[in-house]
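Student: One structure coming up, written as structure tokens, with questions to follow.
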Amino acid sequence: MKRSIKSKILLLFLVVLVIFALTSLWSSKNFFTLSNSIDDIMRANYKSVVAAQNMVVALERQDSAILSYMFTNENETFIHFKENEVKFLRDLAIAEGNITERGEKEVVEEIHDAYVIFLEKVRLLSNIQSNEGQEAAKNFYFNNVFPAFERAKELSRNLQLLNQEAMLRLKDQAHNTAEKATYSTLSIALITTIVGSILAWVSIHKTIQPIQELIEKVKKIAEGDYDQQIYIKGSGEISVLADEFNVMAKKLSSYEQLNIKRLMKEKKKAEAIVEGISDGIIVTDINHKITLVNRAAEKIFGVKETDALERHFLEVAKHEEVFKIIEEVENVQKNTDKKPLREVAISLRQNEKYKHYRIQVLPIGDKFKEFIGVVTLIQDITKLKEIDEMKSDFISTVSHEFRTPLTSMSMGTGLLLEGIPGPLTENQKELVEAMKEDQERLKNLVNDLLDLSRIESGKIEMNIRGNELKKIVEESVKAFEHQAKDKNIELSYCIEENLPLVRADFNKVSWILINLIGNAMRYTPRDGSGKIQIEGKRTGSIVLVSVSDNGIGIPQEYRKKIFEKFVQVKDREGNPTGGTGLGLAICKEIIEAHGGQIWVKSKLGKGSSFYFTLAIEKS
């Protein structure tokens, strides 16, 4: 089956290769012709031109030797004459052996005869110089020798000119040959390119067209339209592929019908489950459009599912605080692999009363972990809120009632210890001191309960404004400098440079840091290896503050409930620390009142790190 497409591609390749080979052969032929033309010029005329030039030079040097002999009468000049005579005859022999142009032979013969006459005249000049004197030699030179010299020189130049003119003619012929070769090569290349392109286009079109049709059909199947068929004639692999595609499409259509029935069944089952949940559920897609609303959510927001579907969340719920959390969860999900779960408490007015709800927002993804939407769970916590308020009121009332007798007890024990009613025995003093310690512990518990009650009820005033985190940390650390020195613990802080102001109540955040540092002091080694580090740095639009130690760490079972009321972690010896168990609960309430979060990370034997966030003051 593969031989068909393979043979088509091979045939197209061979056609292109043959066309390229023909073009190359034609170009090689033209270049060979041009090369021969240049060789002809070099072989036919260049040697004769050089020989003629050399003969002219030899003649002129012989004439100079004759003149020198006439005026100096030195025999050495005849040596130069003879040397140039040899050169002249050698180049004359070259010219005689390279006769290629019409009339060149006659010119060479004339040069030979003229040179023989010139030599004869020079021989006679030598005799006259010897027998009749210099004056007679001069007359003979100008009347006989010099004309013979000029005649031989002129004929040599005629030979040079004859060959130069021939070279120019051959150059023109070579130029014409080159032009013809260029035009013919370009023409052949253009023709072969056009023919090759047409053949390639026709071949590719015949191969690609059914593949393109197949691609379009596959796209429609991917969109869910399984009623697709392809009809391609022939016996090649494309037609076989088309037949297999048709079989696949029919099977997919059958599977779709079956899957639709299953999906409808599962959808009805899921809808029944969702409708049976007493808590409200709203599902939104990546565009924040509602895709599901159960009956409980319909009652809470006073809408019908039919009116809410495919509408934006804010058009239905009209609660921006919840929508901001949905957006935040979506952004975190897109940028990290973690699944954030956020919750917030809201109050809605219904039937002349306020009802309280806990909103939980969780991202959802498909089987490929791609984000596809958000589930918002609305839980009615009105009764819990009322019970919590009753509890807070009870605690507040009881705490207030406790303060008066506790104050009296504190004054009484103080007077007893000072010995005002009378001196105490050692045993009596120990009992009173124990009473004093229990009274102080009970007083701290009552104060913490009152603070927590006020924070939870919103009665405590928060002076939240722009503050320098570094000043807050410095104020908090100052309270522990002597204690850290006494316990041999290294206490330090590191605040990021150019940190913007944070929105914080200076005293409340200082109290949080003092509480966290005090807790770290209890669980950090006192053998000189103990370290407590406070850090502050900007992270996006918030400031992250941490208090870390290298103490004993927090057991796993305490880490999730450590911020709950009355939870205490035991010290290094396994004994309770003597605190009220409300410090971290109060820290949590204060941080949440600032709009931040607080959490802990810890490893047994390695230490603990408490983190909380504060918003940046807008400029």
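Within each chain, counting starts at residue 1; across the structure tokens, chains are named A, B, ... in the order shown, with ligands numbered 1 upward in that order.
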Compile the contact shell of A:Ile534 as a PDB file with all heavy atoms, in the first residue's frame: residues with an atom at most 10 Å away, counting only C-alpha atoms, same-chain residues fewer than 4 positions apart removed.

Tutor:
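See result17.pdb below for the written result:
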```pdb
ATOM      1  N   VAL A 473       8.426  46.044  64.322  1.00  0.00           N
ATOM      2  CA  VAL A 473       9.285  44.923  64.711  1.00  0.00           C
ATOM      3  C   VAL A 473      10.280  45.357  65.775  1.00  0.00           C
ATOM      4  O   VAL A 473      10.511  44.647  66.770  1.00  0.00           O
ATOM      5  CB  VAL A 473      10.005  44.350  63.474  1.00  0.00           C
ATOM      6  CG1 VAL A 473      11.024  43.301  63.885  1.00  0.00           C
ATOM      7  CG2 VAL A 473       8.994  43.755  62.500  1.00  0.00           C
ATOM      8  N   VAL A 477      10.661  43.613  69.403  1.00  0.00           N
ATOM      9  CA  VAL A 477      11.903  42.928  69.782  1.00  0.00           C
ATOM     10  C   VAL A 477      12.506  43.534  71.045  1.00  0.00           C
ATOM     11  O   VAL A 477      13.095  42.820  71.884  1.00  0.00           O
ATOM     12  CB  VAL A 477      12.911  42.977  68.610  1.00  0.00           C
ATOM     13  CG1 VAL A 477      14.292  42.491  69.051  1.00  0.00           C
ATOM     14  CG2 VAL A 477      12.413  42.136  67.434  1.00  0.00           C
ATOM     15  N   LEU A 491      18.325  36.564  69.151  1.00  0.00           N
ATOM     16  CA  LEU A 491      17.091  37.177  68.649  1.00  0.00           C
ATOM     17  C   LEU A 491      17.460  38.254  67.638  1.00  0.00           C
ATOM     18  O   LEU A 491      18.185  39.201  67.972  1.00  0.00           O
ATOM     19  CB  LEU A 491      16.279  37.779  69.807  1.00  0.00           C
ATOM     20  CG  LEU A 491      14.995  38.525  69.437  1.00  0.00           C
ATOM     21  CD1 LEU A 491      14.008  37.597  68.735  1.00  0.00           C
ATOM     22  CD2 LEU A 491      14.350  39.126  70.696  1.00  0.00           C
ATOM     23  N   SER A 492      17.011  38.103  66.394  1.00  0.00           N
ATOM     24  CA  SER A 492      17.375  39.055  65.330  1.00  0.00           C
ATOM     25  C   SER A 492      16.199  39.263  64.386  1.00  0.00           C
ATOM     26  O   SER A 492      15.227  38.512  64.405  1.00  0.00           O
ATOM     27  CB  SER A 492      18.585  38.544  64.546  1.00  0.00           C
ATOM     28  OG  SER A 492      18.282  37.306  63.922  1.00  0.00           O
ATOM     29  N   TYR A 493      16.325  40.305  63.563  1.00  0.00           N
ATOM     30  CA  TYR A 493      15.277  40.568  62.566  1.00  0.00           C
ATOM     31  C   TYR A 493      15.922  41.079  61.284  1.00  0.00           C
ATOM     32  O   TYR A 493      17.018  41.648  61.295  1.00  0.00           O
ATOM     33  CB  TYR A 493      14.239  41.564  63.093  1.00  0.00           C
ATOM     34  CG  TYR A 493      14.775  42.938  63.424  1.00  0.00           C
ATOM     35  CD1 TYR A 493      14.845  43.945  62.454  1.00  0.00           C
ATOM     36  CD2 TYR A 493      15.217  43.232  64.716  1.00  0.00           C
ATOM     37  CE1 TYR A 493      15.327  45.193  62.767  1.00  0.00           C
ATOM     38  CE2 TYR A 493      15.702  44.483  65.042  1.00  0.00           C
ATOM     39  CZ  TYR A 493      15.753  45.470  64.052  1.00  0.00           C
ATOM     40  OH  TYR A 493      16.247  46.711  64.355  1.00  0.00           O
ATOM     41  N   CYS A 494      15.213  40.873  60.178  1.00  0.00           N
ATOM     42  CA  CYS A 494      15.693  41.312  58.848  1.00  0.00           C
ATOM     43  C   CYS A 494      14.482  41.795  58.056  1.00  0.00           C
ATOM     44  O   CYS A 494      13.619  41.000  57.671  1.00  0.00           O
ATOM     45  CB  CYS A 494      16.385  40.158  58.114  1.00  0.00           C
ATOM     46  SG  CYS A 494      16.959  40.584  56.456  1.00  0.00           S
ATOM     47  N   ILE A 495      14.417  43.092  57.831  1.00  0.00           N
ATOM     48  CA  ILE A 495      13.303  43.703  57.095  1.00  0.00           C
ATOM     49  C   ILE A 495      13.812  44.178  55.750  1.00  0.00           C
ATOM     50  O   ILE A 495      14.848  44.843  55.664  1.00  0.00           O
ATOM     51  CB  ILE A 495      12.680  44.878  57.883  1.00  0.00           C
ATOM     52  CG1 ILE A 495      12.314  44.429  59.299  1.00  0.00           C
ATOM     53  CG2 ILE A 495      11.459  45.417  57.150  1.00  0.00           C
ATOM     54  CD1 ILE A 495      11.333  43.290  59.370  1.00  0.00           C
ATOM     55  N   LEU A 513       3.242  40.158  67.333  1.00  0.00           N
ATOM     56  CA  LEU A 513       4.661  39.807  67.292  1.00  0.00           C
ATOM     57  C   LEU A 513       5.181  39.435  68.683  1.00  0.00           C
ATOM     58  O   LEU A 513       5.953  38.478  68.836  1.00  0.00           O
ATOM     59  CB  LEU A 513       5.472  40.968  66.711  1.00  0.00           C
ATOM     60  CG  LEU A 513       5.344  41.172  65.199  1.00  0.00           C
ATOM     61  CD1 LEU A 513       5.985  42.494  64.786  1.00  0.00           C
ATOM     62  CD2 LEU A 513       5.988  40.019  64.434  1.00  0.00           C
ATOM     63  N   LEU A 516       3.996  35.931  69.418  1.00  0.00           N
ATOM     64  CA  LEU A 516       4.721  34.906  68.653  1.00  0.00           C
ATOM     65  C   LEU A 516       6.156  34.752  69.146  1.00  0.00           C
ATOM     66  O   LEU A 516       6.673  33.636  69.243  1.00  0.00           O
ATOM     67  CB  LEU A 516       4.702  35.265  67.159  1.00  0.00           C
ATOM     68  CG  LEU A 516       3.327  35.250  66.467  1.00  0.00           C
ATOM     69  CD1 LEU A 516       3.452  35.713  65.019  1.00  0.00           C
ATOM     70  CD2 LEU A 516       2.708  33.867  66.526  1.00  0.00           C
ATOM     71  N   ILE A 517       6.812  35.891  69.460  1.00  0.00           N
ATOM     72  CA  ILE A 517       8.186  35.812  69.973  1.00  0.00           C
ATOM     73  C   ILE A 517       8.195  35.134  71.341  1.00  0.00           C
ATOM     74  O   ILE A 517       9.059  34.303  71.655  1.00  0.00           O
ATOM     75  CB  ILE A 517       8.819  37.214  70.051  1.00  0.00           C
ATOM     76  CG1 ILE A 517       8.948  37.816  68.640  1.00  0.00           C
ATOM     77  CG2 ILE A 517      10.191  37.151  70.720  1.00  0.00           C
ATOM     78  CD1 ILE A 517       9.337  39.284  68.638  1.00  0.00           C
ATOM     79  N   VAL A 545       5.170  38.595  56.765  1.00  0.00           N
ATOM     80  CA  VAL A 545       5.970  38.678  57.999  1.00  0.00           C
ATOM     81  C   VAL A 545       6.077  37.271  58.579  1.00  0.00           C
ATOM     82  O   VAL A 545       5.105  36.508  58.571  1.00  0.00           O
ATOM     83  CB  VAL A 545       5.304  39.618  59.021  1.00  0.00           C
ATOM     84  CG1 VAL A 545       6.197  39.786  60.240  1.00  0.00           C
ATOM     85  CG2 VAL A 545       4.998  40.973  58.395  1.00  0.00           C
ATOM     86  N   SER A 546       7.263  36.915  59.056  1.00  0.00           N
ATOM     87  CA  SER A 546       7.463  35.584  59.632  1.00  0.00           C
ATOM     88  C   SER A 546       8.272  35.672  60.913  1.00  0.00           C
ATOM     89  O   SER A 546       9.141  36.535  61.062  1.00  0.00           O
ATOM     90  CB  SER A 546       8.170  34.666  58.629  1.00  0.00           C
ATOM     91  OG  SER A 546       9.484  35.122  58.377  1.00  0.00           O
ATOM     92  N   VAL A 547       7.932  34.761  61.858  1.00  0.00           N
ATOM     93  CA  VAL A 547       8.693  34.599  63.097  1.00  0.00           C
ATOM     94  C   VAL A 547       9.119  33.129  63.150  1.00  0.00           C
ATOM     95  O   VAL A 547       8.273  32.238  63.264  1.00  0.00           O
ATOM     96  CB  VAL A 547       7.852  34.965  64.332  1.00  0.00           C
ATOM     97  CG1 VAL A 547       8.665  34.741  65.603  1.00  0.00           C
ATOM     98  CG2 VAL A 547       7.375  36.410  64.252  1.00  0.00           C
ATOM     99  N   SER A 548      10.442  32.886  63.039  1.00  0.00           N
ATOM    100  CA  SER A 548      10.949  31.514  62.946  1.00  0.00           C
ATOM    101  C   SER A 548      11.863  31.203  64.115  1.00  0.00           C
ATOM    102  O   SER A 548      12.582  32.083  64.615  1.00  0.00           O
ATOM    103  CB  SER A 548      11.715  31.317  61.628  1.00  0.00           C
ATOM    104  OG  SER A 548      10.895  31.640  60.524  1.00  0.00           O
ATOM    105  N   ASP A 549      11.844  29.942  64.555  1.00  0.00           N
ATOM    106  CA  ASP A 549      12.749  29.490  65.610  1.00  0.00           C
ATOM    107  C   ASP A 549      13.285  28.110  65.244  1.00  0.00           C
ATOM    108  O   ASP A 549      12.804  27.471  64.303  1.00  0.00           O
ATOM    109  CB  ASP A 549      12.036  29.448  66.963  1.00  0.00           C
ATOM    110  CG  ASP A 549      10.886  28.449  66.979  1.00  0.00           C
ATOM    111  OD1 ASP A 549      11.143  27.238  66.850  1.00  0.00           O
ATOM    112  OD2 ASP A 549       9.716  28.874  67.111  1.00  0.00           O
ATOM    113  N   SER A 609       7.842  28.046  62.030  1.00  0.00           N
ATOM    114  CA  SER A 609       7.787  29.376  61.411  1.00  0.00           C
ATOM    115  C   SER A 609       6.327  29.792  61.325  1.00  0.00           C
ATOM    116  O   SER A 609       5.520  29.093  60.709  1.00  0.00           O
ATOM    117  CB  SER A 609       8.420  29.363  60.015  1.00  0.00           C
ATOM    118  OG  SER A 609       9.800  29.093  60.086  1.00  0.00           O
ATOM    119  N   PHE A 610       6.000  30.916  61.966  1.00  0.00           N
ATOM    120  CA  PHE A 610       4.659  31.479  61.887  1.00  0.00           C
ATOM    121  C   PHE A 610       4.666  32.620  60.866  1.00  0.00           C
ATOM    122  O   PHE A 610       5.543  33.493  60.904  1.00  0.00           O
ATOM    123  CB  PHE A 610       4.205  32.002  63.254  1.00  0.00           C
ATOM    124  CG  PHE A 610       3.817  30.910  64.214  1.00  0.00           C
ATOM    125  CD1 PHE A 610       4.777  30.232  64.953  1.00  0.00           C
ATOM    126  CD2 PHE A 610       2.488  30.558  64.352  1.00  0.00           C
ATOM    127  CE1 PHE A 610       4.419  29.219  65.833  1.00  0.00           C
ATOM    128  CE2 PHE A 610       2.110  29.544  65.237  1.00  0.00           C
ATOM    129  CZ  PHE A 610       3.081  28.860  65.968  1.00  0.00           C
ATOM    130  N   TYR A 611       3.694  32.606  59.958  1.00  0.00           N
ATOM    131  CA  TYR A 611       3.602  33.610  58.897  1.00  0.00           C
ATOM    132  C   TYR A 611       2.272  34.347  59.005  1.00  0.00           C
ATOM    133  O   TYR A 611       1.241  33.741  59.331  1.00  0.00           O
ATOM    134  CB  TYR A 611       3.672  32.956  57.515  1.00  0.00           C
ATOM    135  CG  TYR A 611       4.943  32.191  57.245  1.00  0.00           C
ATOM    136  CD1 TYR A 611       5.061  30.853  57.587  1.00  0.00           C
ATOM    137  CD2 TYR A 611       6.027  32.807  56.624  1.00  0.00           C
ATOM    138  CE1 TYR A 611       6.213  30.142  57.335  1.00  0.00           C
ATOM    139  CE2 TYR A 611       7.189  32.102  56.357  1.00  0.00           C
ATOM    140  CZ  TYR A 611       7.284  30.770  56.712  1.00  0.00           C
ATOM    141  OH  TYR A 611       8.426  30.074  56.464  1.00  0.00           O
TER     142      TYR A 611
END
```

Student: Stretch 558-561 of chain A: which residues within 12 Å, counting only C-alpha atoms, same-chain residues fewer than 2 positions away excluded, as a PyMOL selection string?

Tutor: chain A and resi 553-556+563-570+581-582+584-585+588+598-604+608-610

Student: Atom CA of A:His594 and atom CA of A:Glu321 are how many Å apart?

Tutor: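 The value is 15.5 Å.
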
Student: Work out how far apart atom CA of A:Phe118 and atom CA of A:Tyr141 are and give it in Å to one decimal.

Tutor: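 These atoms are spaced 10.7 Å apart.
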
Student: How many Å lie between atom CA of A:Leu89 and atom CA of A:Ala114, rounded to one decimal?

Tutor: 12.4 Å

Student: Near A:Gln62, counting only C-alpha atoms, which residues have an atom at most 12 Å away, once you skip same-chain residues fewer than 6 positions from it, shown as a PyMOL selection string?

Tutor: chain A and resi 55-56+68-69+77-88+115+118-119+122+145-146+149-150+152-153

Student: Restricting the calculation to only C-alpha atoms: of A:Lys47, A:Arg538, A:Lys353, A:Lys171, which residue gets closest to A:Leu469?

Tutor: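 Residue with the minimum atom-to-atom distance to A:Leu469: A:Arg538.
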
Student: Show which residues sit within 10 Å of A:Met411, as a list of chain:residue names. Count only C-alpha atoms, and ignore same-chain residues fewer than 6 positions away.

Tutor: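 Near A:Met411, the qualifying residues are A:Pro405, A:Leu417, A:Lys436.
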
Student: I want to know what sits within 12 Å of stretch 280-295 of chain A, based on only C-alpha atoms, with residues of the same chain fewer than 6 positions away left out; could you give that as an NGL selection string?

Tutor: :A and (267 or 270-274 or 301-317 or 322-327 or 329-331 or 333-334 or 357-365 or 370-381)

Student: From the options A:Ile94, A:Ile591, A:Leu155, A:Val432, which residue's atoms come nearest to A:Glu109, counting only C-alpha atoms?

Tutor: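 Checking each of A:Ile94, A:Ile591, A:Leu155, A:Val432 against A:Glu109, counting only C-alpha atoms, the winner is A:Leu155.
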
Student: Identify all residues of stretch 427-563 of chain A in strand (DSSP E or B) (DSSP on the backbone) and supply them as a short mmCIF file (atom, residue, chain, number, x, y, z; two decimals) with all heavy atoms, in the first residue's frame.

Tutor:
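As written to disk, part.cif reads:
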```cif
data_model
loop_
_atom_site.label_atom_id
_atom_site.label_comp_id
_atom_site.auth_asym_id
_atom_site.auth_seq_id
_atom_site.Cartn_x
_atom_site.Cartn_y
_atom_site.Cartn_z
N ARG A 465 -3.86 52.08 59.86
CA ARG A 465 -3.34 53.14 58.99
C ARG A 465 -1.94 52.74 58.53
O ARG A 465 -1.44 51.67 58.88
CB ARG A 465 -3.30 54.47 59.72
CG ARG A 465 -2.46 54.45 61.00
CD ARG A 465 -2.59 55.77 61.75
NE ARG A 465 -1.81 55.77 62.98
CZ ARG A 465 -0.51 56.06 63.05
NH1 ARG A 465 0.16 56.38 61.94
NH2 ARG A 465 0.13 56.05 64.20
N GLY A 466 -1.32 53.60 57.71
CA GLY A 466 0.01 53.28 57.19
C GLY A 466 1.07 53.34 58.28
O GLY A 466 1.20 54.35 58.98
N ASN A 467 1.82 52.25 58.43
CA ASN A 467 2.90 52.18 59.42
C ASN A 467 4.13 51.51 58.81
O ASN A 467 4.01 50.71 57.88
CB ASN A 467 2.46 51.38 60.64
CG ASN A 467 1.58 52.18 61.59
OD1 ASN A 467 2.04 53.11 62.23
ND2 ASN A 467 0.29 51.83 61.65
N GLU A 490 19.67 33.77 70.54
CA GLU A 490 19.96 34.81 69.54
C GLU A 490 18.64 35.30 68.94
O GLU A 490 17.93 34.55 68.27
CB GLU A 490 20.86 34.24 68.43
CG GLU A 490 21.21 35.28 67.36
CD GLU A 490 22.03 34.69 66.23
OE1 GLU A 490 22.71 33.66 66.46
OE2 GLU A 490 21.97 35.23 65.12
N LEU A 491 18.33 36.56 69.15
CA LEU A 491 17.09 37.18 68.65
C LEU A 491 17.46 38.25 67.64
O LEU A 491 18.19 39.20 67.97
CB LEU A 491 16.28 37.78 69.81
CG LEU A 491 15.00 38.52 69.44
CD1 LEU A 491 14.01 37.60 68.73
CD2 LEU A 491 14.35 39.13 70.70
N SER A 492 17.01 38.10 66.39
CA SER A 492 17.37 39.06 65.33
C SER A 492 16.20 39.26 64.39
O SER A 492 15.23 38.51 64.41
CB SER A 492 18.58 38.54 64.55
OG SER A 492 18.28 37.31 63.92
N TYR A 493 16.33 40.30 63.56
CA TYR A 493 15.28 40.57 62.57
C TYR A 493 15.92 41.08 61.28
O TYR A 493 17.02 41.65 61.30
CB TYR A 493 14.24 41.56 63.09
CG TYR A 493 14.77 42.94 63.42
CD1 TYR A 493 14.85 43.94 62.45
CD2 TYR A 493 15.22 43.23 64.72
CE1 TYR A 493 15.33 45.19 62.77
CE2 TYR A 493 15.70 44.48 65.04
CZ TYR A 493 15.75 45.47 64.05
OH TYR A 493 16.25 46.71 64.36
N CYS A 494 15.21 40.87 60.18
CA CYS A 494 15.69 41.31 58.85
C CYS A 494 14.48 41.80 58.06
O CYS A 494 13.62 41.00 57.67
CB CYS A 494 16.39 40.16 58.11
SG CYS A 494 16.96 40.58 56.46
N ILE A 495 14.42 43.09 57.83
CA ILE A 495 13.30 43.70 57.10
C ILE A 495 13.81 44.18 55.75
O ILE A 495 14.85 44.84 55.66
CB ILE A 495 12.68 44.88 57.88
CG1 ILE A 495 12.31 44.43 59.30
CG2 ILE A 495 11.46 45.42 57.15
CD1 ILE A 495 11.33 43.29 59.37
N VAL A 502 2.73 49.53 55.57
CA VAL A 502 1.71 48.50 55.66
C VAL A 502 0.49 49.06 56.38
O VAL A 502 0.60 49.94 57.24
CB VAL A 502 2.23 47.25 56.41
CG1 VAL A 502 3.35 46.59 55.63
CG2 VAL A 502 2.70 47.59 57.82
N ARG A 503 -0.69 48.55 55.99
CA ARG A 503 -1.92 48.95 56.66
C ARG A 503 -2.05 48.11 57.93
O ARG A 503 -2.33 46.91 57.85
CB ARG A 503 -3.12 48.74 55.74
CG ARG A 503 -3.23 49.80 54.65
CD ARG A 503 -4.51 49.67 53.84
NE ARG A 503 -5.70 49.61 54.70
CZ ARG A 503 -6.25 50.64 55.32
NH1 ARG A 503 -5.71 51.86 55.18
NH2 ARG A 503 -7.33 50.50 56.07
N ALA A 504 -1.85 48.75 59.09
CA ALA A 504 -1.83 47.99 60.33
C ALA A 504 -2.13 48.89 61.52
O ALA A 504 -1.86 50.11 61.49
CB ALA A 504 -0.46 47.33 60.52
N LYS A 531 17.87 30.12 68.23
CA LYS A 531 17.79 31.29 67.33
C LYS A 531 16.34 31.61 67.04
O LYS A 531 15.54 30.72 66.78
CB LYS A 531 18.52 31.03 66.01
CG LYS A 531 20.03 30.89 66.16
CD LYS A 531 20.67 30.68 64.79
CE LYS A 531 22.19 30.54 64.91
NZ LYS A 531 22.82 30.33 63.58
N ILE A 532 16.02 32.89 67.09
CA ILE A 532 14.69 33.39 66.69
C ILE A 532 14.90 34.50 65.68
O ILE A 532 15.62 35.46 65.95
CB ILE A 532 13.89 33.90 67.91
CG1 ILE A 532 13.68 32.78 68.93
CG2 ILE A 532 12.54 34.46 67.46
CD1 ILE A 532 13.02 33.24 70.22
N GLN A 533 14.27 34.36 64.49
CA GLN A 533 14.48 35.30 63.39
C GLN A 533 13.13 35.87 62.94
O GLN A 533 12.20 35.13 62.66
CB GLN A 533 15.16 34.59 62.21
CG GLN A 533 15.28 35.41 60.95
CD GLN A 533 16.41 36.43 61.02
OE1 GLN A 533 17.31 36.28 61.84
NE2 GLN A 533 16.36 37.46 60.19
N ILE A 534 13.03 37.20 62.89
CA ILE A 534 11.83 37.88 62.36
C ILE A 534 12.19 38.45 61.01
O ILE A 534 13.21 39.14 60.87
CB ILE A 534 11.34 39.00 63.31
CG1 ILE A 534 10.99 38.42 64.68
CG2 ILE A 534 10.11 39.67 62.72
CD1 ILE A 534 12.05 38.59 65.70
N GLU A 535 11.37 38.18 60.00
CA GLU A 535 11.62 38.68 58.63
C GLU A 535 10.37 39.36 58.09
O GLU A 535 9.24 39.02 58.46
CB GLU A 535 12.01 37.52 57.70
CG GLU A 535 13.34 36.88 58.01
CD GLU A 535 13.74 35.84 56.98
OE1 GLU A 535 12.95 35.62 56.05
OE2 GLU A 535 14.81 35.24 57.12
N GLY A 536 10.60 40.31 57.20
CA GLY A 536 9.51 41.00 56.50
C GLY A 536 9.91 41.31 55.08
O GLY A 536 10.98 41.88 54.84
N LYS A 537 9.08 40.92 54.13
CA LYS A 537 9.39 41.18 52.72
C LYS A 537 8.11 41.32 51.92
O LYS A 537 7.05 40.83 52.31
CB LYS A 537 10.25 40.05 52.13
CG LYS A 537 9.59 38.69 52.15
CD LYS A 537 10.51 37.63 51.57
CE LYS A 537 9.85 36.25 51.62
NZ LYS A 537 10.72 35.20 51.06
N ARG A 538 8.24 42.00 50.80
CA ARG A 538 7.09 42.21 49.93
C ARG A 538 6.90 41.00 49.03
O ARG A 538 7.84 40.47 48.48
CB ARG A 538 7.28 43.46 49.07
CG ARG A 538 6.10 43.75 48.15
CD ARG A 538 6.23 45.12 47.51
NE ARG A 538 5.07 45.42 46.67
CZ ARG A 538 4.81 46.62 46.16
NH1 ARG A 538 5.64 47.62 46.40
NH2 ARG A 538 3.75 46.82 45.42
N THR A 539 5.64 40.58 48.88
CA THR A 539 5.28 39.49 47.98
C THR A 539 4.05 39.92 47.19
O THR A 539 2.92 39.84 47.67
CB THR A 539 4.96 38.19 48.76
OG1 THR A 539 6.08 37.87 49.59
CG2 THR A 539 4.70 37.04 47.81
N ILE A 542 1.16 42.34 48.80
CA ILE A 542 1.09 42.21 50.25
C ILE A 542 2.50 42.16 50.83
O ILE A 542 3.49 42.02 50.10
CB ILE A 542 0.31 40.95 50.68
CG1 ILE A 542 1.01 39.68 50.14
CG2 ILE A 542 -1.14 41.01 50.24
CD1 ILE A 542 0.41 38.39 50.66
N VAL A 543 2.57 42.27 52.17
CA VAL A 543 3.84 42.11 52.89
C VAL A 543 3.73 40.85 53.74
O VAL A 543 2.75 40.67 54.48
CB VAL A 543 4.15 43.34 53.75
CG1 VAL A 543 5.35 43.07 54.66
CG2 VAL A 543 4.43 44.54 52.87
N LEU A 544 4.72 39.98 53.63
CA LEU A 544 4.75 38.73 54.38
C LEU A 544 5.70 38.87 55.57
O LEU A 544 6.85 39.23 55.40
CB LEU A 544 5.21 37.58 53.48
CG LEU A 544 5.30 36.20 54.13
CD1 LEU A 544 3.92 35.70 54.53
CD2 LEU A 544 5.96 35.20 53.18
N VAL A 545 5.17 38.60 56.77
CA VAL A 545 5.97 38.68 58.00
C VAL A 545 6.08 37.27 58.58
O VAL A 545 5.10 36.51 58.57
CB VAL A 545 5.30 39.62 59.02
CG1 VAL A 545 6.20 39.79 60.24
CG2 VAL A 545 5.00 40.97 58.39
N SER A 546 7.26 36.91 59.06
CA SER A 546 7.46 35.58 59.63
C SER A 546 8.27 35.67 60.91
O SER A 546 9.14 36.53 61.06
CB SER A 546 8.17 34.67 58.63
OG SER A 546 9.48 35.12 58.38
N VAL A 547 7.93 34.76 61.86
CA VAL A 547 8.69 34.60 63.10
C VAL A 547 9.12 33.13 63.15
O VAL A 547 8.27 32.24 63.26
CB VAL A 547 7.85 34.97 64.33
CG1 VAL A 547 8.67 34.74 65.60
CG2 VAL A 547 7.38 36.41 64.25
N SER A 548 10.44 32.89 63.04
CA SER A 548 10.95 31.51 62.95
C SER A 548 11.86 31.20 64.12
O SER A 548 12.58 32.08 64.61
CB SER A 548 11.72 31.32 61.63
OG SER A 548 10.90 31.64 60.52
N ASP A 549 11.84 29.94 64.56
CA ASP A 549 12.75 29.49 65.61
C ASP A 549 13.28 28.11 65.24
O ASP A 549 12.80 27.47 64.30
CB ASP A 549 12.04 29.45 66.96
CG ASP A 549 10.89 28.45 66.98
OD1 ASP A 549 11.14 27.24 66.85
OD2 ASP A 549 9.72 28.87 67.11
#
```
